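**Q** Just dropping this structure here.
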Amino acid sequence: VHNQPVISDFEYDLLLNELETLEKQHPGFVSQQSPTLRVGSDLSREFRQYDHKYPMLSLGNTYSFEEVRDFDNRVRKTVRGEIVYVCELKFDGASISISYLGGLLEKALTRGDGSRGDDVSENVRTIKNIPQVVESPDVPASFIARGEILMPRSVFNELNEERAKEGLNQFANPRNAASGTLKLLDSSIVAARKLDCLFYSLLGDDLPDDNHHGNLQKMHEWGFPVSDSYRICGNIDEVIGFIQFWETRRNDLPFDTDGVVIKVNSLEQQKLLGFTAKSPRWAIAYKYKPEQALTRLLSVSFQVGRTGAVTPVANLEPVQLAGTTVKRASLHNADQIYLLDLHLNDMVYVEKGGEIIPKIVGVEKASRPGKSVAISFIDKCPECGTELVRNDGEANHFCPNYLHCPPQIKGRIEHFISRRAMDIEGLGEETTDLLYSRGLIRNIADLYDLSADQLIPLERLGEKSSSNIIRSIEESKNVPYSRVLFALGIRHVGETVARKISTKFRSIDGLINAEIEELTATEEIGPKIASSIKSYFIDPENIEIISRLRNAGIHLRGETEETVSGDLLKDKIIVISGVFRLHTRDEYKKLIEKYGGKNSSSVSSNTSFILAGDNMGPSKREKAVELGIEMKSEEEFLKIIGEI
């Protein structure tokens, strides 16, 4: 949902299979909310939702040939006669369902919760290989084409390089990048990301063929991009042969794949086999296990990031893995080192399951040298020597010397100048490092004291580049207040939180003087973020930096708030919960404020009513029933304010 996985697909599937086994052994404990019984939801508040004409279910999956044969046996117990399978590579992206009416692209929906999906039609129209118009004499009046939105590996690598330069978090893998891109609100950025699509299914009441293979061929004839890797298989041995054939060859493809989908070819047989609550009984996915390699651990180095977080990285004897040479692997944090019981010169198993940096997943302890030294986490910052800190409830150690630790200073400046913050062009990582090493900048406020005369003599710059940098620094003074707050680099304050803060505290002075209670009363700000904000503004050096930014002309105050256009909701305290079709949640919050009402995030005896959408939070519903608070639908709410 957030495109930030914390474990690999393989680890997730093992846990899900364990849960499924436990539920069979103990049926009395099965919950209707169990992930074995429902499709995970990626519905977003920012998009309108529509029902899927045909539910988008998940596939059952397996990592063993024995279970593939069990699938075949189950099919044969239900279906009589000849059974033919279609095998397709399982491309790893974001599922999409596109409806066509009269040959024209009508609507594109994400998987959502399987029953409803987000309408991302505008974004999908920017993907060049998806047909906008289908022209052929045998095209049905209406049909649905389903496929996978993909980001080529080459585009993914370029995107992450760009994000790294801008100080942004990198995507974990092409699938997450494709999924995240599809949910962007700016379709021009989607277009720039160069997404692709491969289609794998045709649905409708009047299909050209009575089998899946024939319909795939028709889609190709109509201009839909369909992978040419699929194959008809007459028995399960041929299916297993297909799986084995592609196990290593798939690394040569431009897109990520994580397995093979096996489908019963006949649509009539598919209908007989039917569905479970979560998946079709006529299809299964065989998942390839993540590739591993065995190599030697040479050393562990410790890197300090922009926020001061210290990350251990394993340095390895170079080894080939998934088509690339691996020399480093992530160790994440001190707990990971402890759990692995790592020693110097250990032979370690390295896995690259779609992650940017491979990770160590095990140690070959039988080959460990007799007097090897255990790897321990450092207690002082490798850059400035300050004692490291680890807060309760946090996995990472970090260096608290954020004002004087060189990588943190440079990282904070790089974050400040990045495109989504102050958007200062011409100052990349190398130039920032050069200015820092020459003593020209020591904090973000120093940027506004720079002159072209100071930059021209520096290597790789010159008169034109220097003038452009100074011009861009000057233009950054027009950046709005919310982005300035984000640019300051306050720990735990991202773009969304910065926008919330700028709405509640209309000037930096109000924020500086705010008490913890005022901060935590702001939506999306909990005790951790509030404490981080207070710590930032308690420091006199930060206050000095704010003062210098103010003198330089930076926006440290928001625009005047919109005037209330009515009192239809005057004195009303309204809680919003659920997913909506006609407006986003943010739009509803603005409408409530516009008509004199007040938004609240929690249900209490003071709540006037709840604006309730689909999938309303069960705890809010329970509390509302307990307190006898009225719940109004979208339509009822919009009638109150006269919109319908």
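Naming works like this for the structure tokens: A, B, ... for the chains as they're shown, residue 1 at the start of each chain, ligands 1 onward in shown order.
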Taking the DSSP assignment computed from this structure's backbone, write out as a list in words all residues of segment 501-614 of chain A that belong to strand (DSSP E).

**A**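 Of segment 501-614 of chain A, only Ile573, Ile574, Val575, Ile576, Ser577, Lys598, Asn599, Ser600, Phe609, Ile610, Leu611 and Ala612 of chain A fall in strand (DSSP E).
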
**Q** Take the residues just selected and output them with C-alpha atoms as a PDB file, in the first residue's frame.

**A**
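What landed in again.pdb:
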ATOM      1  CA  ILE A 573     -17.665  19.232  14.887  1.00  0.00           C
ATOM      2  CA  ILE A 574     -17.383  16.631  12.130  1.00  0.00           C
ATOM      3  CA  VAL A 575     -15.348  13.416  11.908  1.00  0.00           C
ATOM      4  CA  ILE A 576     -14.509  12.000   8.466  1.00  0.00           C
ATOM      5  CA  SER A 577     -14.023   8.243   8.119  1.00  0.00           C
ATOM      6  CA  LYS A 598     -14.581  22.106  12.436  1.00  0.00           C
ATOM      7  CA  ASN A 599     -12.759  18.879  11.553  1.00  0.00           C
ATOM      8  CA  SER A 600     -11.927  16.358  14.250  1.00  0.00           C
ATOM      9  CA  PHE A 609     -21.980  13.810  13.110  1.00  0.00           C
ATOM     10  CA  ILE A 610     -19.690  11.516  11.144  1.00  0.00           C
ATOM     11  CA  LEU A 611     -19.228  11.887   7.395  1.00  0.00           C
ATOM     12  CA  ALA A 612     -19.078   8.143   6.663  1.00  0.00           C
TER      13      ALA A 612
END

**Q** What's around Leu159 of chain A at 10 Å? Count only C-alpha atoms, leave out sequence neighbours fewer than 6 positions away in its own chain, and write the answer as a PyMOL selection string.

**A** chain A and resi 153+170-171+174+177+193

**Q** Given the selection you just returned, output its residues as a file containing all heavy atoms, formatted as a short mmCIF file (atom, residue, chain, number, x, y, z; two decimals), in the first residue's frame.

**A**
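Now in result-v7.cif:
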data_model
loop_
_atom_site.label_atom_id
_atom_site.label_comp_id
_atom_site.auth_asym_id
_atom_site.auth_seq_id
_atom_site.Cartn_x
_atom_site.Cartn_y
_atom_site.Cartn_z
N ARG A 153 13.77 -1.93 -15.93
CA ARG A 153 14.89 -1.81 -14.99
C ARG A 153 15.77 -0.60 -15.29
O ARG A 153 16.24 0.07 -14.38
CB ARG A 153 15.74 -3.08 -15.03
CG ARG A 153 15.07 -4.31 -14.44
CD ARG A 153 16.08 -5.40 -14.16
NE ARG A 153 15.43 -6.68 -13.93
CZ ARG A 153 15.36 -7.65 -14.82
NH1 ARG A 153 15.88 -7.49 -16.03
NH2 ARG A 153 14.76 -8.79 -14.53
N GLN A 170 15.01 6.26 -1.98
CA GLN A 170 14.98 5.49 -3.22
C GLN A 170 13.90 4.42 -3.15
O GLN A 170 13.57 3.92 -2.08
CB GLN A 170 16.35 4.86 -3.47
CG GLN A 170 17.44 5.90 -3.77
CD GLN A 170 18.79 5.24 -3.90
OE1 GLN A 170 19.42 4.87 -2.92
NE2 GLN A 170 19.26 5.10 -5.12
N PHE A 171 13.33 4.08 -4.31
CA PHE A 171 12.36 3.00 -4.37
C PHE A 171 13.06 1.67 -4.15
O PHE A 171 14.21 1.48 -4.58
CB PHE A 171 11.65 2.98 -5.73
CG PHE A 171 10.64 4.08 -5.90
CD1 PHE A 171 10.88 5.14 -6.76
CD2 PHE A 171 9.45 4.05 -5.19
CE1 PHE A 171 9.94 6.15 -6.93
CE2 PHE A 171 8.51 5.06 -5.36
CZ PHE A 171 8.75 6.11 -6.22
N PRO A 174 11.49 -2.03 -8.90
CA PRO A 174 10.67 -1.47 -9.99
C PRO A 174 9.17 -1.59 -9.74
O PRO A 174 8.41 -0.73 -10.16
CB PRO A 174 11.11 -2.27 -11.22
CG PRO A 174 12.52 -2.68 -10.91
CD PRO A 174 12.52 -2.96 -9.43
N ALA A 177 8.14 1.24 -7.56
CA ALA A 177 8.26 2.48 -8.31
C ALA A 177 7.08 2.64 -9.27
O ALA A 177 6.50 3.72 -9.39
CB ALA A 177 9.58 2.50 -9.08
N ARG A 193 7.97 9.26 -16.34
CA ARG A 193 8.56 8.05 -15.74
C ARG A 193 8.68 6.89 -16.73
O ARG A 193 9.21 5.84 -16.40
CB ARG A 193 7.71 7.62 -14.54
CG ARG A 193 7.73 8.61 -13.36
CD ARG A 193 8.86 8.33 -12.39
NE ARG A 193 8.92 9.30 -11.31
CZ ARG A 193 8.35 9.15 -10.12
NH1 ARG A 193 7.65 8.06 -9.87
NH2 ARG A 193 8.49 10.07 -9.20
#

**Q** Pick the closest to Val304 of chain A from A:Arg506, A:Lys90, A:Lys263, A:His397: which is it, counting only C-alpha atoms?

**A** A:His397

**Q** Please provide as a count of residues only all residues within 10 Å of Ala191 of chain A, with the sequence filter that same-chain residues fewer than 5 positions apart are discarded (counting only C-alpha atoms).

**A** 9

**Q** Could you give me, as an NGL selection string, the residues within 7 Å of segment 218-226 of chain A, counting only C-alpha atoms and dropping anything in the same chain fewer than 3 positions from it?

**A** :A and (129-131 or 134 or 136 or 197-200 or 214-215)

**Q** When DSSP works through the backbone of this structure, what residues of segment 497-588 of chain A end up as helix (DSSP H, G or I), shown as a VMD selection string?

**A** chain A and resid 497 to 504 508 to 512 516 to 520 527 to 538 540 to 552 585 to 588

**Q** Distance atom CA of Ile456 of chain A-atom CA of Arg442 of chain A, one decimal place?

**A** 19.0 Å

**Q** Can you tell me, as a JSON list (two decimals) with N, CA and C atoms, in the first residue's frame, what residues are no more than 9 Å from segment 509-511 of chain A when counting only C-alpha atoms, ignoring any on the same chain fewer than 5 positions away?

**A**
[["chain", "number", "residue", "atom", "x", "y", "z"],
["A", 501, "ILE", "N", 1.33, 21.18, 9.20],
["A", 501, "ILE", "CA", 1.85, 22.18, 10.14],
["A", 501, "ILE", "C", 1.58, 23.58, 9.62],
["A", 502, "SER", "N", 1.83, 23.79, 8.33],
["A", 502, "SER", "CA", 1.68, 25.14, 7.76],
["A", 502, "SER", "C", 0.23, 25.60, 7.79],
["A", 504, "LYS", "N", -1.97, 24.64, 10.25],
["A", 504, "LYS", "CA", -2.31, 24.89, 11.66],
["A", 504, "LYS", "C", -1.55, 26.10, 12.22],
["A", 519, "LEU", "N", 1.02, 20.91, 19.39],
["A", 519, "LEU", "CA", 1.56, 20.18, 18.23],
["A", 519, "LEU", "C", 0.83, 18.85, 18.06],
["A", 533, "ILE", "N", 10.15, 18.36, 16.65],
["A", 533, "ILE", "CA", 9.97, 19.78, 16.30],
["A", 533, "ILE", "C", 10.45, 20.67, 17.44],
["A", 534, "LYS", "N", 10.06, 20.32, 18.67],
["A", 534, "LYS", "CA", 10.48, 21.11, 19.84],
["A", 534, "LYS", "C", 12.00, 21.11, 19.97],
["A", 537, "PHE", "N", 13.68, 23.53, 17.48],
["A", 537, "PHE", "CA", 13.56, 24.98, 17.73],
["A", 537, "PHE", "C", 14.12, 25.40, 19.10],
["A", 556, "LEU", "N", 8.40, 32.62, 5.51],
["A", 556, "LEU", "CA", 8.24, 31.92, 6.78],
["A", 556, "LEU", "C", 6.85, 32.18, 7.37],
["A", 557, "ARG", "N", 5.94, 32.52, 6.49],
["A", 557, "ARG", "CA", 4.54, 32.76, 6.88],
["A", 557, "ARG", "C", 3.66, 32.30, 5.72]]
